[in-house]
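Structure file structure.json (JSON, C-alpha atoms) is printed below.
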```
[["chain", "number", "residue", "atom", "x", "y", "z"],
["A", 6, "MET", "CA", -96.69, 120.13, -44.31],
["A", 7, "LYS", "CA", -100.42, 120.00, -43.66],
["A", 8, "ARG", "CA", -101.85, 116.51, -43.59],
["A", 9, "PRO", "CA", -104.67, 115.65, -46.02],
["A", 10, "LEU", "CA", -108.18, 115.45, -44.60],
["A", 11, "ALA", "CA", -110.71, 112.64, -44.86],
["A", 12, "LEU", "CA", -114.38, 113.11, -44.01],
["A", 13, "VAL", "CA", -115.98, 110.08, -42.38],
["A", 14, "ARG", "CA", -119.35, 109.28, -40.82],
["A", 15, "ARG", "CA", -119.85, 106.63, -38.18],
["A", 16, "PRO", "CA", -122.40, 103.85, -38.77],
["A", 17, "GLY", "CA", -125.86, 104.42, -37.37],
["A", 18, "PRO", "CA", -128.07, 101.98, -35.45],
["A", 19, "ARG", "CA", -130.10, 101.15, -38.57],
["A", 20, "LEU", "CA", -127.11, 100.14, -40.70],
["A", 21, "ALA", "CA", -128.54, 96.65, -41.30],
["A", 22, "ASP", "CA", -131.51, 98.29, -43.09],
["A", 23, "GLY", "CA", -129.24, 99.78, -45.76],
["A", 24, "LEU", "CA", -130.27, 99.47, -49.38],
["A", 25, "VAL", "CA", -129.13, 96.42, -51.34],
["A", 26, "THR", "CA", -129.64, 96.35, -55.11],
["A", 27, "HIS", "CA", -127.28, 93.95, -56.90],
["A", 28, "ILE", "CA", -126.54, 91.32, -54.24],
["A", 29, "GLU", "CA", -128.68, 89.26, -51.89],
["A", 30, "ARG", "CA", -129.15, 90.63, -48.39],
["A", 31, "SER", "CA", -127.26, 88.80, -45.65],
["A", 32, "ALA", "CA", -127.18, 89.15, -41.88],
["A", 33, "LEU", "CA", -125.07, 92.03, -40.62],
["A", 34, "ASP", "CA", -123.25, 92.30, -37.28],
["A", 35, "LEU", "CA", -123.57, 95.93, -36.16],
["A", 36, "ASP", "CA", -120.93, 95.65, -33.43],
["A", 37, "LEU", "CA", -118.45, 94.15, -35.88],
["A", 38, "ALA", "CA", -119.31, 96.85, -38.42],
["A", 39, "MET", "CA", -118.56, 99.55, -35.85],
["A", 40, "ASN", "CA", -115.22, 97.93, -35.02],
["A", 41, "GLN", "CA", -114.34, 97.67, -38.72],
["A", 42, "TRP", "CA", -115.28, 101.31, -39.27],
["A", 43, "GLN", "CA", -113.05, 102.39, -36.40],
["A", 44, "GLU", "CA", -110.18, 100.32, -37.83],
["A", 45, "TYR", "CA", -110.74, 101.93, -41.24],
["A", 46, "VAL", "CA", -110.51, 105.40, -39.68],
["A", 47, "GLU", "CA", -107.42, 104.41, -37.71],
["A", 48, "ALA", "CA", -105.83, 103.08, -40.90],
["A", 49, "LEU", "CA", -106.29, 106.47, -42.56],
["A", 50, "ARG", "CA", -104.82, 108.24, -39.54],
["A", 51, "SER", "CA", -101.84, 105.89, -39.37],
["A", 52, "LEU", "CA", -101.16, 106.62, -43.04],
["A", 53, "GLY", "CA", -100.92, 110.36, -42.46],
["A", 54, "TRP", "CA", -104.51, 111.56, -42.77],
["A", 55, "GLN", "CA", -106.50, 113.81, -40.49],
["A", 56, "THR", "CA", -110.10, 112.68, -40.14],
["A", 57, "ARG", "CA", -113.22, 114.66, -39.44],
["A", 58, "GLU", "CA", -116.55, 113.14, -38.58],
["A", 59, "VAL", "CA", -119.64, 114.37, -40.36],
["A", 60, "GLU", "CA", -122.59, 114.65, -38.00],
["A", 61, "PRO", "CA", -124.31, 111.25, -37.70],
["A", 62, "ALA", "CA", -127.56, 110.70, -39.58],
["A", 63, "ASP", "CA", -129.02, 107.86, -37.56],
["A", 64, "ASP", "CA", -132.32, 107.83, -39.47],
["A", 65, "CYS", "CA", -130.42, 107.14, -42.71],
["A", 66, "PRO", "CA", -129.12, 103.55, -42.74],
["A", 67, "ASP", "CA", -126.66, 104.18, -45.61],
["A", 68, "ALA", "CA", -125.19, 107.43, -44.24],
["A", 69, "VAL", "CA", -121.88, 105.74, -43.35],
["A", 70, "PHE", "CA", -121.20, 105.71, -47.11],
["A", 71, "VAL", "CA", -120.41, 109.41, -46.88],
["A", 72, "GLU", "CA", -118.84, 109.65, -50.34],
["A", 73, "ASP", "CA", -122.27, 109.55, -51.99],
["A", 74, "ALA", "CA", -123.43, 112.84, -50.45],
["A", 75, "ILE", "CA", -120.69, 115.15, -51.71],
["A", 76, "VAL", "CA", -118.10, 115.53, -54.47],
["A", 77, "VAL", "CA", -115.12, 117.74, -53.62],
["A", 78, "HIS", "CA", -112.75, 119.11, -56.26],
["A", 79, "GLU", "CA", -110.12, 121.61, -55.13],
["A", 80, "ASP", "CA", -112.14, 124.38, -53.37],
["A", 81, "LEU", "CA", -115.50, 123.25, -54.78],
["A", 82, "ALA", "CA", -118.02, 121.11, -52.91],
["A", 83, "VAL", "CA", -120.81, 119.68, -55.04],
["A", 84, "ILE", "CA", -123.67, 118.68, -52.76],
["A", 85, "THR", "CA", -125.27, 115.73, -54.47],
["A", 86, "ARG", "CA", -128.90, 114.76, -54.92],
["A", 87, "PRO", "CA", -128.84, 111.01, -54.28],
["A", 88, "GLY", "CA", -130.80, 108.83, -56.66],
["A", 89, "ALA", "CA", -132.43, 106.95, -53.78],
["A", 90, "LEU", "CA", -135.06, 109.13, -52.08],
["A", 91, "GLU", "CA", -134.25, 107.52, -48.73],
["A", 92, "ARG", "CA", -130.71, 108.93, -48.88],
["A", 93, "ARG", "CA", -131.36, 112.60, -49.64],
["A", 94, "ALA", "CA", -131.37, 113.68, -46.00],
["A", 95, "GLU", "CA", -127.73, 112.59, -45.77],
["A", 96, "THR", "CA", -126.53, 115.70, -47.59],
["A", 97, "THR", "CA", -127.42, 118.12, -44.78],
["A", 98, "GLY", "CA", -124.50, 117.06, -42.60],
["A", 99, "THR", "CA", -121.97, 116.96, -45.42],
["A", 100, "GLU", "CA", -122.97, 120.44, -46.57],
["A", 101, "ALA", "CA", -122.53, 121.79, -43.03],
["A", 102, "VAL", "CA", -118.97, 120.42, -42.87],
["A", 103, "ALA", "CA", -118.16, 121.76, -46.34],
["A", 104, "ARG", "CA", -119.31, 125.24, -45.32],
["A", 105, "ASP", "CA", -117.29, 125.06, -42.11],
["A", 106, "LEU", "CA", -114.21, 124.16, -44.17],
["A", 107, "GLY", "CA", -114.76, 127.25, -46.33],
["A", 108, "LEU", "CA", -115.43, 125.35, -49.54],
["A", 109, "ARG", "CA", -117.47, 126.88, -52.36],
["A", 110, "ILE", "CA", -120.89, 125.21, -52.32],
["A", 111, "VAL", "CA", -122.97, 124.22, -55.33],
["A", 112, "HIS", "CA", -125.83, 121.75, -55.62],
["A", 113, "ILE", "CA", -127.22, 119.15, -57.94],
["A", 114, "ASP", "CA", -130.81, 120.27, -58.43],
["A", 115, "SER", "CA", -134.00, 118.48, -59.46],
["A", 116, "PRO", "CA", -134.56, 116.70, -61.78],
["A", 117, "GLY", "CA", -130.87, 115.79, -61.66],
["A", 118, "THR", "CA", -129.66, 112.94, -59.49],
["A", 119, "LEU", "CA", -126.05, 112.19, -58.64],
["A", 120, "ASP", "CA", -124.35, 109.86, -56.17],
["A", 121, "GLY", "CA", -120.73, 110.60, -55.33],
["A", 122, "GLY", "CA", -119.91, 106.93, -55.73],
["A", 123, "ASP", "CA", -120.58, 107.34, -59.44],
["A", 124, "VAL", "CA", -117.80, 109.94, -59.86],
["A", 125, "LEU", "CA", -114.31, 108.63, -60.63],
["A", 126, "ARG", "CA", -111.66, 111.28, -61.26],
["A", 127, "THR", "CA", -108.29, 110.49, -62.76],
["A", 128, "GLY", "CA", -106.01, 112.93, -64.51],
["A", 129, "GLY", "CA", -108.17, 115.63, -66.07],
["A", 130, "THR", "CA", -111.22, 113.41, -66.55],
["A", 131, "ALA", "CA", -114.20, 112.66, -64.34],
["A", 132, "TYR", "CA", -115.88, 109.43, -65.39],
["A", 133, "VAL", "CA", -119.47, 109.44, -64.14],
["A", 134, "GLY", "CA", -121.68, 106.38, -63.97],
["A", 135, "LEU", "CA", -125.01, 106.73, -65.76],
["A", 136, "GLY", "CA", -127.40, 104.24, -64.27],
["A", 137, "GLY", "CA", -129.74, 103.55, -61.40],
["A", 138, "ARG", "CA", -128.60, 106.28, -59.01],
["A", 139, "THR", "CA", -127.23, 108.99, -61.33],
["A", 140, "ASN", "CA", -129.10, 110.38, -64.32],
["A", 141, "GLY", "CA", -128.10, 112.38, -67.38],
["A", 142, "GLU", "CA", -129.26, 115.69, -65.94],
["A", 143, "GLY", "CA", -127.15, 115.15, -62.83],
["A", 144, "ILE", "CA", -124.11, 114.44, -65.00],
["A", 145, "ALA", "CA", -124.77, 117.56, -67.09],
["A", 146, "GLN", "CA", -124.95, 119.72, -63.96],
["A", 147, "LEU", "CA", -121.74, 118.23, -62.60],
["A", 148, "ALA", "CA", -120.03, 118.92, -65.92],
["A", 149, "ARG", "CA", -121.04, 122.59, -65.71],
["A", 150, "HIS", "CA", -119.75, 122.84, -62.15],
["A", 151, "LEU", "CA", -116.39, 121.28, -63.05],
["A", 152, "SER", "CA", -115.89, 123.12, -66.33],
["A", 153, "ASP", "CA", -114.18, 126.08, -64.63],
["A", 154, "TYR", "CA", -111.54, 123.65, -63.35],
["A", 155, "GLY", "CA", -110.77, 122.21, -66.76],
["A", 156, "VAL", "CA", -112.17, 118.80, -65.87],
["A", 157, "ARG", "CA", -113.64, 116.77, -68.72],
["A", 158, "VAL", "CA", -116.74, 114.79, -67.74],
["A", 159, "GLN", "CA", -117.47, 111.51, -69.49],
["A", 160, "ALA", "CA", -120.58, 109.43, -68.85],
["A", 161, "VAL", "CA", -120.09, 105.68, -68.50],
["A", 162, "PRO", "CA", -122.97, 103.18, -68.41],
["A", 163, "VAL", "CA", -123.58, 101.42, -65.10],
["A", 164, "GLU", "CA", -126.13, 98.64, -65.03],
["A", 165, "ARG", "CA", -124.40, 95.70, -63.36],
["A", 166, "ALA", "CA", -123.26, 97.45, -60.16],
["A", 167, "LEU", "CA", -124.60, 99.95, -57.65],
["A", 168, "HIS", "CA", -122.19, 102.73, -58.63],
["A", 169, "LEU", "CA", -119.38, 103.22, -61.12],
["A", 170, "LYS", "CA", -116.87, 102.93, -58.27],
["A", 171, "SER", "CA", -118.52, 99.69, -57.21],
["A", 172, "ALA", "CA", -117.12, 98.32, -60.46],
["A", 173, "VAL", "CA", -113.92, 100.29, -61.12],
["A", 174, "THR", "CA", -111.43, 102.66, -59.53],
["A", 175, "ALA", "CA", -108.12, 104.12, -60.74],
["A", 176, "LEU", "CA", -104.51, 103.45, -59.90],
["A", 177, "PRO", "CA", -102.31, 106.55, -59.52],
["A", 178, "ASP", "CA", -100.80, 105.92, -62.97],
["A", 179, "GLY", "CA", -104.24, 106.29, -64.55],
["A", 180, "THR", "CA", -104.94, 102.60, -65.12],
["A", 181, "ILE", "CA", -108.58, 101.79, -64.43],
["A", 182, "ILE", "CA", -108.96, 98.54, -62.51],
["A", 183, "GLY", "CA", -112.22, 96.65, -62.27],
["A", 184, "TRP", "CA", -113.95, 93.36, -61.64],
["A", 185, "ASP", "CA", -114.95, 92.24, -65.12],
["A", 186, "PRO", "CA", -118.37, 90.69, -64.32],
["A", 187, "VAL", "CA", -119.77, 94.08, -63.24],
["A", 188, "VAL", "CA", -117.98, 96.41, -65.68],
["A", 189, "ASP", "CA", -120.41, 97.43, -68.42],
["A", 190, "ASP", "CA", -117.98, 99.11, -70.83],
["A", 191, "ARG", "CA", -114.26, 98.43, -70.44],
["A", 192, "ASP", "CA", -113.60, 100.28, -73.70],
["A", 193, "ALA", "CA", -114.67, 103.54, -72.04],
["A", 194, "PHE", "CA", -111.24, 103.69, -70.40],
["A", 195, "PRO", "CA", -107.93, 104.18, -72.26],
["A", 196, "LEU", "CA", -106.12, 101.83, -69.85],
["A", 197, "TYR", "CA", -108.01, 99.00, -68.14],
["A", 198, "GLN", "CA", -106.99, 95.94, -66.14],
["A", 199, "GLY", "CA", -109.33, 93.33, -64.71],
["A", 200, "MET", "CA", -108.78, 92.17, -61.13],
["A", 201, "PRO", "CA", -109.21, 88.61, -59.81],
["A", 202, "GLU", "CA", -111.59, 89.52, -56.96],
["A", 203, "GLU", "CA", -114.54, 91.87, -56.62],
["A", 204, "GLY", "CA", -112.99, 93.74, -53.69],
["A", 205, "GLY", "CA", -109.82, 94.17, -55.71],
["A", 206, "ALA", "CA", -111.51, 96.69, -57.96],
["A", 207, "HIS", "CA", -111.37, 99.31, -55.22],
["A", 208, "VAL", "CA", -108.30, 101.30, -54.16],
["A", 209, "VAL", "CA", -107.77, 104.49, -52.19],
["A", 210, "ALA", "CA", -104.51, 106.33, -52.82],
["A", 211, "VAL", "CA", -103.34, 107.29, -49.33],
["A", 212, "ALA", "CA", -99.79, 108.45, -50.14],
["A", 213, "ASP", "CA", -97.31, 108.46, -53.00],
["A", 214, "GLY", "CA", -97.28, 104.89, -54.26],
["A", 215, "HIS", "CA", -99.29, 103.63, -51.27],
["A", 216, "LEU", "CA", -102.83, 102.26, -51.61],
["A", 217, "LEU", "CA", -105.54, 101.12, -49.22],
["A", 218, "MET", "CA", -107.51, 98.02, -50.25],
["A", 219, "ALA", "CA", -110.01, 95.59, -48.75],
["A", 220, "ALA", "CA", -108.71, 92.50, -46.97],
["A", 221, "SER", "CA", -111.17, 90.43, -49.02],
["A", 222, "ALA", "CA", -108.95, 90.71, -52.11],
["A", 223, "PRO", "CA", -105.49, 89.28, -51.32],
["A", 224, "ARG", "CA", -104.73, 88.17, -54.89],
["A", 225, "SER", "CA", -105.63, 91.61, -56.19],
["A", 226, "ALA", "CA", -103.38, 93.21, -53.59],
["A", 227, "GLU", "CA", -100.51, 91.03, -54.80],
["A", 228, "LEU", "CA", -101.21, 92.06, -58.38],
["A", 229, "VAL", "CA", -101.20, 95.74, -57.44],
["A", 230, "GLU", "CA", -97.97, 95.29, -55.49],
["A", 231, "SER", "CA", -96.41, 93.66, -58.55],
["A", 232, "ARG", "CA", -96.96, 96.99, -60.32],
["A", 233, "GLY", "CA", -94.72, 98.69, -57.77],
["A", 234, "TYR", "CA", -97.28, 99.95, -55.24],
["A", 235, "ARG", "CA", -97.38, 99.44, -51.49],
["A", 236, "VAL", "CA", -100.68, 98.12, -50.17],
["A", 237, "SER", "CA", -102.30, 98.33, -46.75],
["A", 238, "THR", "CA", -105.50, 96.37, -46.18],
["A", 239, "VAL", "CA", -108.55, 96.76, -43.96],
["A", 240, "ASP", "CA", -111.35, 94.32, -43.21],
["A", 241, "ILE", "CA", -114.67, 95.88, -44.26],
["A", 242, "SER", "CA", -116.66, 92.66, -44.69],
["A", 243, "GLU", "CA", -119.81, 94.00, -43.00],
["A", 244, "PHE", "CA", -119.92, 96.99, -45.34],
["A", 245, "GLU", "CA", -119.33, 94.77, -48.37],
["A", 246, "LYS", "CA", -122.63, 93.10, -47.43],
["A", 247, "LEU", "CA", -124.24, 96.46, -48.29],
["A", 248, "GLU", "CA", -122.31, 96.92, -51.55],
["A", 249, "GLY", "CA", -119.81, 99.18, -49.80],
["A", 250, "CYS", "CA", -116.07, 99.41, -50.43],
["A", 251, "VAL", "CA", -112.98, 101.28, -49.24],
["A", 252, "THR", "CA", -113.73, 104.33, -51.40],
["A", 253, "CYS", "CA", -117.26, 105.09, -50.21],
["A", 254, "LEU", "CA", -116.45, 105.16, -46.47],
["A", 255, "SER", "CA", -114.62, 108.48, -46.75],
["A", 256, "VAL", "CA", -114.29, 111.67, -48.77],
["A", 257, "ARG", "CA", -110.63, 112.54, -49.26],
["A", 258, "LEU", "CA", -109.59, 116.21, -49.46],
["A", 259, "ARG", "CA", -106.03, 117.05, -50.42]]
```
As structure tokens - that is how I would like this structure written.
Amino acid sequence: MKRPLALVRRPGPRLADGLVTHIERSALDLDLAMNQWQEYVEALRSLGWQTREVEPADDCPDAVFVEDAIVVHEDLAVITRPGALERRAETTGTEAVARDLGLRIVHIDSPGTLDGGDVLRTGGTAYVGLGGRTNGEGIAQLARHLSDYGVRVQAVPVERALHLKSAVTALPDGTIIGWDPVVDDRDAFPLYQGMPEEGGAHVVAVADGHLLMAASAPRSAELVESRGYRVSTVDISEFEKLEGCVTCLSVRLR
């Protein structure tokens, strides 16, 4: 059986200059960040994933958050148009990889903006954060691109966090989990559970019943395990200083 593939992008030398919008900037250790990134990649590999590096974009401090530059659904690659002007050059490398993988390429075009971190898919629905980085036109374009796949797109307000997936992600059973202080509209989701730590709002499903979470959220990991899931953790503290989480450091293709 072919292993699933995760796209990753190594941190660049200007990582410490990454954008910060909803938290105060703090000092970042670039060497530690590189070690943590390598451990994140190794965690994916140890859990059965192939990884492929997207070409570095050293002039783009936030490029390590590769999820924001592309949304992949089945054979479709939606090349985003990031809401932050400084991040738009990041899409060149992700598009090149998508083409090499033989994916069908479409784009979010001006005046639309869309960050991949605002797109949360669970079941047949794509919840898309409408806020600082993603606008209504970007959501409308994504909806048109996904319509052929039977995916329903639902806009969700995002004002308290950088991206929708900075506030919430989904468990495999469809339950949306989030950190209440930054969730704008819990009622947007049929099933919602608040988590005790900010980092606990973020999970990556790496195998049947097995999730990857940040080491910064041990109580949340225990709560998730109490629901019958296995949890592996990784330390991504340097990326959390830039509003990053376990979801945005990779793009998972199954």
Just want the 6 Å neighbourhood of segment 211-225 of chain A, counted on only C-alpha atoms, with same-chain residues fewer than 3 positions away dropped. Output as a ChimeraX atom specification. /A:200-202,204-205,208,228,234-240
May I ask which of the residues A:Gly199, A:Gly134, A:Gly143, A:Gly249 is the closest one to His27 of chain A, counting all atoms listed in the file? A:Gly249
What does the structure give for the distance between atom CA of Ala145 of chain A and atom CA of Glu100 of chain A, in Å to one decimal? 20.8 Å
Would you write out, as CSV, a table of all residues in segment 93-183 of chain A that have an atom no more than 9 Å from an atom of segment 56-75 of chain A, listing for each the closest atom pair and the distance in Å to one decimal, considering all atoms listed in the file and ordering rows by chain and rising residue number?
```
residue,atom,partner,partner_atom,distance
A:Arg93,CA,A:Ala74,CA,8.0
A:Ala94,CA,A:Cys65,CA,7.4
A:Glu95,CA,A:Ala68,CA,6.0
A:Thr96,CA,A:Ala74,CA,5.1
A:Thr97,CA,A:Ala74,CA,8.7
A:Gly98,CA,A:Glu60,CA,5.5
A:Thr99,CA,A:Val59,CA,6.1
A:Glu100,CA,A:Ile75,CA,7.7
A:Ala101,CA,A:Val59,CA,8.4
A:Val102,CA,A:Val59,CA,6.6
A:Ala103,CA,A:Ile75,CA,8.9
A:Leu119,CA,A:Asp73,CA,8.1
A:Asp120,CA,A:Asp73,CA,4.7
A:Gly121,CA,A:Asp73,CA,3.8
A:Gly122,CA,A:Asp73,CA,5.1
A:Asp123,CA,A:Asp73,CA,8.0
```
So that I can see what lies close to segment 30-42 of chain A, please list as an mmCIF file with C-alpha atoms, in the coordinates of the input the residues with an atom at most 10 Å from it, counting only C-alpha atoms and leaving out residues fewer than 5 positions away in the same chain.
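Everything below was put into selection-v3.cif:
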```cif
data_model
loop_
_atom_site.group_PDB
_atom_site.id
_atom_site.type_symbol
_atom_site.label_atom_id
_atom_site.label_comp_id
_atom_site.auth_asym_id
_atom_site.auth_seq_id
_atom_site.Cartn_x
_atom_site.Cartn_y
_atom_site.Cartn_z
ATOM 1 C CA VAL A 13 -115.980 110.080 -42.380
ATOM 2 C CA ARG A 14 -119.350 109.280 -40.820
ATOM 3 C CA ARG A 15 -119.850 106.630 -38.180
ATOM 4 C CA PRO A 16 -122.400 103.850 -38.770
ATOM 5 C CA GLY A 17 -125.860 104.420 -37.370
ATOM 6 C CA PRO A 18 -128.070 101.980 -35.450
ATOM 7 C CA ARG A 19 -130.100 101.150 -38.570
ATOM 8 C CA LEU A 20 -127.110 100.140 -40.700
ATOM 9 C CA ALA A 21 -128.540 96.650 -41.300
ATOM 10 C CA ASP A 22 -131.510 98.290 -43.090
ATOM 11 C CA GLY A 23 -129.240 99.780 -45.760
ATOM 12 C CA LEU A 24 -130.270 99.470 -49.380
ATOM 13 C CA VAL A 25 -129.130 96.420 -51.340
ATOM 14 C CA GLU A 47 -107.420 104.410 -37.710
ATOM 15 C CA ALA A 48 -105.830 103.080 -40.900
ATOM 16 C CA VAL A 69 -121.880 105.740 -43.350
ATOM 17 C CA VAL A 239 -108.550 96.760 -43.960
ATOM 18 C CA ASP A 240 -111.350 94.320 -43.210
ATOM 19 C CA ILE A 241 -114.670 95.880 -44.260
ATOM 20 C CA SER A 242 -116.660 92.660 -44.690
ATOM 21 C CA GLU A 243 -119.810 94.000 -43.000
ATOM 22 C CA PHE A 244 -119.920 96.990 -45.340
ATOM 23 C CA LYS A 246 -122.630 93.100 -47.430
ATOM 24 C CA LEU A 247 -124.240 96.460 -48.290
ATOM 25 C CA GLU A 248 -122.310 96.920 -51.550
ATOM 26 C CA LEU A 254 -116.450 105.160 -46.470
#
```
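The space separating atom CA of Ala226 of chain A from atom CA of Glu164 of chain A comes to 26.0 Å.
All polymer residues at most 6 Å from (-111.3, 122.0, -60.1), using all atoms listed in the file, appear as His78, Glu79, Leu151 and Tyr154 of chain A.
Take the candidates A:Arg138, A:Arg232, A:His207, A:Arg257 and check each one against Gln55 of chain A using all atoms listed in the file; the shortest distance goes to A:Arg257.
For the pair atom CA of Gln198 of chain A and atom CA of Ser231 of chain A, the separation is 13.2 Å.
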At a cut-off of 12 Å, using only C-alpha atoms, what residues contact Gln146 of chain A? Leave out same-chain residues fewer than 3 positions from it and give the result as JSON, numbers by chain. {"A": [83, 84, 85, 86, 111, 112, 113, 114, 115, 116, 117, 118, 119, 133, 139, 140, 141, 142, 143, 149, 150, 151, 152, 158]}
Between A:Val77, A:Leu167, A:Trp54, A:Arg191, which has the minimum distance to Glu245 of chain A (counting only C-alpha atoms)? A:Leu167
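Among the candidate residues A:Val76, A:Asp178, A:Leu81, A:Ala11, the one lying nearest to Leu49 of chain A is A:Ala11, with distances computed using all atoms listed in the file.
Taking only C-alpha atoms into account, Val156 of chain A lies nearest to A:Tyr132 out of the set A:Tyr45, A:Phe194, A:Tyr132, A:Trp184.
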Using all atoms listed in the file, can you list as a ChimeraX atom specification the residues within 8 Å of (-105.0, 117.5, -50.5)? /A:8-10,257-259
